[in-house]
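Colleague: Following this line is start19.pdb, made up of PDB, C-alpha atoms:
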```pdb
MODEL        1
ATOM      1  CA  MET Q  25     -14.983 -58.576 -39.393
ATOM      2  CA  ASP Q  26     -16.346 -58.325 -42.909
ATOM      3  CA  GLU Q  27     -13.619 -57.281 -45.380
ATOM      4  CA  ASP Q  28     -16.125 -55.141 -47.231
ATOM      5  CA  GLU Q  29     -17.182 -53.245 -44.093
ATOM      6  CA  PRO Q  30     -15.716 -49.696 -44.053
ATOM      7  CA  ILE Q  31     -13.284 -48.795 -41.262
ATOM      8  CA  THR Q  32     -14.232 -45.741 -39.222
ATOM      9  CA  LEU Q  33     -11.996 -43.782 -36.834
ATOM     10  CA  GLU Q  34     -13.456 -41.879 -33.920
ATOM     11  CA  ILE Q  35     -11.448 -38.683 -33.350
ATOM     12  CA  THR Q  36     -12.324 -36.766 -30.226
ATOM     13  CA  ARG Q  37     -11.223 -33.391 -28.929
ATOM     14  CA  ARG Q  38      -9.141 -35.170 -26.260
ATOM     15  CA  THR Q  39      -7.357 -37.184 -28.949
ATOM     16  CA  VAL Q  40      -6.431 -34.042 -30.840
ATOM     17  CA  ILE Q  41      -5.104 -32.325 -27.685
ATOM     18  CA  GLU Q  42      -3.088 -35.349 -26.583
ATOM     19  CA  THR Q  43      -1.602 -35.871 -30.038
ATOM     20  CA  GLY Q  44      -0.713 -32.217 -30.426
ATOM     21  CA  THR Q  45       0.906 -32.044 -26.973
ATOM     22  CA  THR Q  46       2.995 -35.140 -27.643
ATOM     23  CA  ALA Q  47       4.161 -33.793 -31.001
ATOM     24  CA  LEU Q  48       5.098 -30.464 -29.406
ATOM     25  CA  LEU Q  49       7.172 -32.162 -26.717
ATOM     26  CA  LEU Q  50       8.967 -34.373 -29.232
ATOM     27  CA  THR Q  51       9.879 -31.475 -31.503
ATOM     28  CA  THR Q  52      10.584 -28.687 -29.007
ATOM     29  CA  LEU Q  53      12.262 -30.205 -25.972
ATOM     30  CA  PRO Q  54      15.229 -31.809 -27.752
ATOM     31  CA  ARG Q  55      16.080 -28.522 -29.454
ATOM     32  CA  ALA Q  56      15.829 -26.620 -26.177
ATOM     33  CA  ALA Q  57      17.986 -29.177 -24.405
ATOM     34  CA  LEU Q  58      20.649 -29.048 -27.129
ATOM     35  CA  GLY Q  59      20.597 -25.246 -27.155
ATOM     36  CA  ALA Q  60      21.123 -25.075 -23.393
ATOM     37  CA  GLY Q  61      24.381 -27.025 -23.605
ATOM     38  CA  PRO Q  62      25.733 -29.397 -20.948
ATOM     39  CA  LEU Q  63      23.834 -29.234 -17.668
ATOM     40  CA  ASP Q  64      27.001 -29.254 -15.556
ATOM     41  CA  ASP Q  65      28.672 -26.378 -17.416
ATOM     42  CA  ALA Q  66      27.602 -23.661 -14.971
ATOM     43  CA  GLY Q  67      30.970 -21.917 -14.936
ATOM     44  CA  PRO Q  68      33.008 -20.972 -11.865
ATOM     45  CA  PRO Q  69      31.192 -19.478  -8.852
ATOM     46  CA  PRO Q  70      31.500 -15.724  -8.343
ATOM     47  CA  PRO Q  71      34.284 -14.597  -6.004
ATOM     48  CA  PRO Q  72      33.246 -13.905  -2.387
ATOM     49  CA  LEU Q  73      32.612 -10.346  -1.269
ATOM     50  CA  THR Q  74      32.999  -8.686   2.118
ATOM     51  CA  VAL Q  75      29.959  -6.889   3.480
ATOM     52  CA  GLU Q  76      29.609  -4.788   6.616
ATOM     53  CA  LEU Q  77      26.222  -5.145   8.267
ATOM     54  CA  GLN Q  78      24.935  -3.300  11.318
ATOM     55  CA  ILE Q  79      22.860  -6.026  12.958
ATOM     56  CA  ASN Q  80      20.871  -5.020  16.032
ATOM     57  CA  GLY Q  81      23.338  -2.235  16.797
ATOM     58  CA  GLN Q  82      26.475  -4.328  16.340
ATOM     59  CA  SER Q  83      28.792  -4.266  13.355
ATOM     60  CA  HIS Q  84      29.469  -7.554  11.574
ATOM     61  CA  SER Q  85      31.962  -8.077   8.766
ATOM     62  CA  LEU Q  86      31.043 -11.093   6.638
ATOM     63  CA  THR Q  87      32.753 -12.610   3.618
ATOM     64  CA  LEU Q  88      29.969 -14.122   1.567
ATOM     65  CA  ASP Q  89      29.107 -15.584  -1.754
ATOM     66  CA  PRO Q  90      27.410 -12.579  -3.412
ATOM     67  CA  ARG Q  91      24.361 -14.783  -4.040
ATOM     68  CA  THR Q  92      23.751 -15.223  -0.294
ATOM     69  CA  THR Q  93      20.390 -13.869   0.798
ATOM     70  CA  LEU Q  94      20.136 -11.663   3.843
ATOM     71  CA  LEU Q  95      18.073 -14.385   5.532
ATOM     72  CA  ASP Q  96      20.789 -17.010   5.046
ATOM     73  CA  ALA Q  97      23.454 -14.555   6.215
ATOM     74  CA  LEU Q  98      21.502 -13.964   9.412
ATOM     75  CA  ARG Q  99      20.696 -17.603  10.101
ATOM     76  CA  GLU Q 100      23.684 -19.500   8.760
ATOM     77  CA  HIS Q 101      26.523 -17.028   9.295
ATOM     78  CA  LEU Q 102      25.456 -15.127  12.410
ATOM     79  CA  GLY Q 103      23.292 -17.694  14.188
ATOM     80  CA  LEU Q 104      20.323 -15.306  14.376
ATOM     81  CA  THR Q 105      17.632 -17.899  13.821
ATOM     82  CA  GLY Q 106      14.703 -15.811  15.034
ATOM     83  CA  SER Q 107      13.954 -14.852  11.436
ATOM     84  CA  LYS Q 108      12.362 -17.966   9.977
ATOM     85  CA  LYS Q 109      12.650 -19.506   6.543
ATOM     86  CA  GLY Q 110       9.105 -20.385   5.582
ATOM     87  CA  CYS Q 111       8.347 -20.365   1.863
ATOM     88  CA  ASP Q 112      11.687 -18.829   0.768
ATOM     89  CA  HIS Q 113       9.705 -17.061  -1.979
ATOM     90  CA  GLY Q 114       8.552 -13.898  -0.187
ATOM     91  CA  GLN Q 115       4.986 -15.131   0.198
ATOM     92  CA  CYS Q 116       4.635 -15.924   3.912
ATOM     93  CA  GLY Q 117       6.474 -13.081   5.674
ATOM     94  CA  ALA Q 118       8.108 -15.307   8.317
ATOM     95  CA  CYS Q 119      11.521 -13.854   7.414
ATOM     96  CA  THR Q 120      10.521 -10.182   7.779
ATOM     97  CA  VAL Q 121      13.195  -7.917   9.268
ATOM     98  CA  LEU Q 122      13.657  -4.156   9.430
ATOM     99  CA  ILE Q 123      16.263  -2.410   7.277
ATOM    100  CA  GLU Q 124      16.755   1.218   8.264
ATOM    101  CA  GLY Q 125      13.344   0.897   9.922
ATOM    102  CA  ARG Q 126      11.653  -0.392   6.772
ATOM    103  CA  ARG Q 127      10.197  -3.897   6.742
ATOM    104  CA  ILE Q 128      11.467  -6.271   4.101
ATOM    105  CA  ASN Q 129      11.371  -9.974   3.272
ATOM    106  CA  SER Q 130      14.938 -11.021   3.968
ATOM    107  CA  CYS Q 131      14.642 -14.107   1.759
ATOM    108  CA  LEU Q 132      14.198 -11.916  -1.322
ATOM    109  CA  THR Q 133      17.159  -9.600  -0.890
ATOM    110  CA  LEU Q 134      20.897 -10.223  -1.054
ATOM    111  CA  ALA Q 135      23.091  -9.465   1.931
ATOM    112  CA  VAL Q 136      25.608  -7.541  -0.204
ATOM    113  CA  MET Q 137      22.852  -5.099  -1.172
ATOM    114  CA  HIS Q 138      22.744  -3.783   2.384
ATOM    115  CA  ASP Q 139      26.393  -3.010   3.013
ATOM    116  CA  GLY Q 140      26.618  -0.476   5.845
ATOM    117  CA  GLN Q 141      22.884  -0.476   6.515
ATOM    118  CA  SER Q 142      21.151  -1.028   9.829
ATOM    119  CA  VAL Q 143      19.286  -4.322  10.126
ATOM    120  CA  THR Q 144      16.967  -5.088  13.039
ATOM    121  CA  THR Q 145      15.809  -8.640  13.682
ATOM    122  CA  ILE Q 146      13.481  -9.996  16.328
ATOM    123  CA  GLU Q 147      16.524 -10.551  18.570
ATOM    124  CA  GLY Q 148      17.216  -6.814  18.613
ATOM    125  CA  LEU Q 149      13.815  -5.542  19.759
ATOM    126  CA  ALA Q 150      13.930  -6.263  23.477
ATOM    127  CA  LYS Q 151      16.114  -4.228  25.805
ATOM    128  CA  GLY Q 152      17.555  -6.844  28.108
ATOM    129  CA  GLU Q 153      14.632  -8.305  30.053
ATOM    130  CA  ASN Q 154      12.278  -5.569  28.856
ATOM    131  CA  LEU Q 155      10.252  -6.653  25.863
ATOM    132  CA  HIS Q 156       9.313  -4.328  23.046
ATOM    133  CA  PRO Q 157       5.749  -3.041  23.589
ATOM    134  CA  LEU Q 158       4.541  -5.044  20.599
ATOM    135  CA  GLN Q 159       6.157  -8.211  21.957
ATOM    136  CA  SER Q 160       4.388  -7.636  25.283
ATOM    137  CA  ALA Q 161       1.089  -7.063  23.479
ATOM    138  CA  PHE Q 162       1.501 -10.313  21.542
ATOM    139  CA  VAL Q 163       1.981 -12.153  24.839
ATOM    140  CA  GLU Q 164      -0.966 -10.400  26.484
ATOM    141  CA  HIS Q 165      -3.352 -11.056  23.598
ATOM    142  CA  ASP Q 166      -2.033 -14.535  22.791
ATOM    143  CA  GLY Q 167      -1.076 -13.435  19.293
ATOM    144  CA  PHE Q 168       0.753 -16.649  18.509
ATOM    145  CA  GLN Q 169       0.352 -20.395  18.773
ATOM    146  CA  CYS Q 170       3.150 -22.397  17.173
ATOM    147  CA  GLY Q 171       5.259 -19.219  17.087
ATOM    148  CA  TYR Q 172       6.879 -19.884  13.731
ATOM    149  CA  CYS Q 173       5.526 -16.735  12.077
ATOM    150  CA  THR Q 174       5.651 -14.587  15.208
ATOM    151  CA  SER Q 175       9.036 -12.951  14.640
ATOM    152  CA  GLY Q 176       8.032 -11.919  11.135
ATOM    153  CA  GLN Q 177       4.607 -10.759  12.325
ATOM    154  CA  ILE Q 178       6.126  -8.542  15.021
ATOM    155  CA  CYS Q 179       8.825  -7.045  12.786
ATOM    156  CA  SER Q 180       6.272  -6.427  10.058
ATOM    157  CA  ALA Q 181       3.853  -4.813  12.508
ATOM    158  CA  ILE Q 182       6.567  -2.444  13.767
ATOM    159  CA  GLY Q 183       7.324  -1.399  10.206
ATOM    160  CA  MET Q 184       3.633  -1.090   9.434
ATOM    161  CA  LEU Q 185       2.973   1.177  12.400
ATOM    162  CA  ALA Q 186       5.844   3.415  11.313
ATOM    163  CA  GLU Q 187       4.377   3.582   7.796
ATOM    164  CA  SER Q 188       0.941   4.543   9.111
ATOM    165  CA  ARG Q 189       2.401   7.274  11.303
ATOM    166  CA  THR Q 190       3.914   8.908   8.222
ATOM    167  CA  GLY Q 191       0.483   8.904   6.553
ATOM    168  CA  MET Q 192       1.248   6.148   4.055
ATOM    169  CA  PRO Q 193      -2.098   4.866   2.738
ATOM    170  CA  SER Q 194      -3.040   1.272   2.022
ATOM    171  CA  TYR Q 195      -5.305  -0.283  -0.595
ATOM    172  CA  VAL Q 196      -8.341   0.068   1.690
ATOM    173  CA  THR Q 197      -7.684   3.646   2.861
ATOM    174  CA  GLU Q 198     -10.823   5.619   2.021
ATOM    175  CA  ASP Q 199      -9.671   9.220   2.527
ATOM    176  CA  LEU Q 200      -6.206   9.877   1.135
ATOM    177  CA  THR Q 201      -6.206  13.442   2.489
ATOM    178  CA  GLN Q 202      -6.372  12.350   6.129
ATOM    179  CA  GLN Q 203      -4.144  10.380   8.476
ATOM    180  CA  PRO Q 204      -5.158   6.722   8.000
ATOM    181  CA  GLU Q 205      -7.122   5.342  10.921
ATOM    182  CA  LEU Q 206      -5.927   1.914  11.981
ATOM    183  CA  THR Q 207      -9.217   0.101  11.782
ATOM    184  CA  ASP Q 208      -9.328  -3.680  11.753
ATOM    185  CA  ALA Q 209      -9.638  -3.582   7.965
ATOM    186  CA  GLU Q 210      -6.604  -1.296   7.662
ATOM    187  CA  ILE Q 211      -4.480  -3.484   9.906
ATOM    188  CA  ARG Q 212      -5.498  -6.672   8.133
ATOM    189  CA  GLU Q 213      -4.707  -5.173   4.736
ATOM    190  CA  ARG Q 214      -1.359  -3.779   5.839
ATOM    191  CA  MET Q 215      -0.404  -7.107   7.444
ATOM    192  CA  SER Q 216      -1.700  -9.261   4.610
ATOM    193  CA  GLY Q 217       1.820 -10.230   3.548
ATOM    194  CA  ASN Q 218       2.334 -12.127   6.811
ATOM    195  CA  ILE Q 219       0.642 -15.505   7.011
ATOM    196  CA  CYS Q 220      -0.305 -17.198  10.283
ATOM    197  CA  ARG Q 221      -1.062 -20.856   9.633
ATOM    198  CA  CYS Q 222      -2.477 -21.177  13.149
ATOM    199  CA  ALA Q 223      -4.998 -18.422  12.264
ATOM    200  CA  ALA Q 224      -4.310 -16.225  15.296
ATOM    201  CA  TYR Q 225      -5.239 -13.181  13.210
ATOM    202  CA  PRO Q 226      -7.850 -11.638  15.583
ATOM    203  CA  ASN Q 227      -5.344 -11.707  18.448
ATOM    204  CA  ILE Q 228      -2.603 -10.274  16.253
ATOM    205  CA  VAL Q 229      -4.894  -7.403  15.258
ATOM    206  CA  ALA Q 230      -5.738  -6.772  18.923
ATOM    207  CA  ALA Q 231      -2.044  -6.689  19.861
ATOM    208  CA  ILE Q 232      -1.283  -4.188  17.116
ATOM    209  CA  LYS Q 233      -4.204  -1.959  18.090
ATOM    210  CA  GLN Q 234      -3.078  -1.914  21.717
ATOM    211  CA  THR Q 235       0.442  -0.956  20.706
ATOM    212  CA  ALA Q 236      -0.956   1.813  18.513
ATOM    213  CA  GLY Q 237      -2.907   3.160  21.500
ATOM    214  CA  MET Q 238      -6.302   2.218  20.095
ATOM    215  CA  PRO Q 239      -9.141   0.447  21.944
ATOM    216  CA  THR Q 240      -9.135  -3.306  21.315
TER     217      THR Q 240
ENDMDL
END
```
Please express what this file holds, its structure, as structure tokens.
Modeller:
Amino acid sequence: MDEDEPITLEITRRTVIETGTTALLLTTLPRAALGAGPLDDAGPPPPPLTVELQINGQSHSLTLDPRTTLLDALREHLGLTGSKKGCDHGQCGACTVLIEGRRINSCLTLAVMHDGQSVTTIEGLAKGENLHPLQSAFVEHDGFQCGYCTSGQICSAIGMLAESRTGMPSYVTEDLTQQPELTDAEIRERMSGNICRCAAYPNIVAAIKQTAGMPT
């Protein structure tokens, strides 16, 4: 290379972004790590609490870590494994149960928050050998395949039908002055928080419509 030839540097937009990102990481992360203190200094766990839950008509007294979710209390402490742990972030609906008749994602609520309240899981819907009408409709219309989401789908549908009977509108309800009609669009919107990875949605809608006394 000729010593008299000028040296040129090619600076691209990517170079600027990469350099800036690296500088930010080198200057910010060490300070944040030092400010957070030792990673293992989490302090002592909170003392356990006793909670009384009315599960499927039976009273259960549980002594739990107050951070225990209702889903973990049901599955790990009571052996009620019908409620499934899917995403554990409240996005799939597989853990849906009914609390005082209202549907809720049990992975997003703490057991101690429901002291004395009535909780209904999929295990509490049938009366002996007699299935709940919605359970029978799911069987008749083949509203499940792998079955993992089915318990949450059924509990959610029961809560949804109760909501519609009280006149509660949904995002797609056109006339807010009238009782919402459970059209396919209404049902799909109201059940949108429950994911079926097997895509049995048409059969689930048909089962719900039959239970609601509507033509399928």
Colleague: Evaluated on this file, the PyMOL selection byres ((chain Q and resi 132) around 12) picks out some residues - which ones are they, written as a list of chain:residue names?
Modeller: Q:Arg91, Q:Thr92, Q:Thr93, Q:Leu94, Q:Leu95, Q:Asp96, Q:Lys109, Q:Cys111, Q:Asp112, Q:His113, Q:Gly114, Q:Gln115, Q:Cys116, Q:Gly117, Q:Ala118, Q:Cys119, Q:Thr120, Q:Val121, Q:Ile128, Q:Asn129, Q:Ser130, Q:Cys131, Q:Thr133, Q:Leu134, Q:Ala135, Q:Met137
Colleague: Which residues fall under the PyMOL selection byres ((chain Q and resi 82) around 12) in this file, as a list of chain:residue names?
Modeller: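 Given this file, the PyMOL selection byres ((chain Q and resi 82) around 12) evaluates to Q:Glu76, Q:Leu77, Q:Gln78, Q:Ile79, Q:Asn80, Q:Gly81, Q:Ser83, Q:His84, Q:Ser85, Q:Leu102, Q:Gly140, Q:Gln141, Q:Ser142, Q:Val143, Q:Thr144, Q:Thr145, Q:Glu147, Q:Gly148.
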Colleague: Using all atoms listed in the file, find the one residue out of Q:Gln203, Q:Thr235, Q:Asn227, Q:Gln169 that sits nearest to Leu185 in chain Q.
Modeller: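 Nearest to Leu185 in chain Q: Q:Thr235.
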Colleague: Work out how far CA of Leu73 in chain Q is from CA of Arg99 in chain Q, in Å to one decimal.
Modeller: 18.0 Å
Colleague: Using Å and a single decimal, report how far CA of Pro90 in chain Q sits from CA of Ile178 in chain Q.
Modeller: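 One can read the CA of Ile178 in chain Q to CA of Pro90 in chain Q distance as 28.4 Å.
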Colleague: Which of these residues is nearest to Met215 in chain Q, using only C-alpha atoms: Q:Thr240, Q:Gln159, Q:Ser180, Q:Thr190?
Modeller: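 Nearest candidate to Met215 in chain Q out of Q:Thr240, Q:Gln159, Q:Ser180, Q:Thr190: Q:Ser180.
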Colleague: Using Å and a single decimal, report how far CA of Ile123 in chain Q sits from CA of Tyr195 in chain Q.
Modeller: 23.1 Å
Colleague: Quick one: residues within 9 Å of Gly191 in chain Q, only C-alpha atoms, excluding same-chain residues fewer than 6 positions away - as a ChimeraX atom specification?
Modeller: /Q:200,202-204
Colleague: Produce a file of the selected residues containing C-alpha atoms, as a short mmCIF file (atom, residue, chain, number, x, y, z; two decimals), in the coordinates of the input.
Modeller:
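For reference, again.cif as written:
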```cif
data_model
loop_
_atom_site.label_atom_id
_atom_site.label_comp_id
_atom_site.auth_asym_id
_atom_site.auth_seq_id
_atom_site.Cartn_x
_atom_site.Cartn_y
_atom_site.Cartn_z
CA LEU Q 200 -6.21 9.88 1.14
CA GLN Q 202 -6.37 12.35 6.13
CA GLN Q 203 -4.14 10.38 8.48
CA PRO Q 204 -5.16 6.72 8.00
#
```
Colleague: Using all atoms of range 92-108 of chain Q listed in the file and a margin of 4 Å per side, can you give the axis-aligned box centre and edge lengths in Å to one decimal, as AutoDock Vina command-line options?
Modeller:
```
--center_x 19.4 --center_y -15.6 --center_z 7.4 --size_x 22.2 --size_y 15.8 --size_z 23.3
```
Colleague: List the neighbours of Ile232 in chain Q out to 8 Å using only C-alpha atoms; skip same-chain residues closer than 6 positions along the sequence, and give me the result as JSON, numbers by chain.
Modeller: {"Q": [158, 161, 181, 211]}
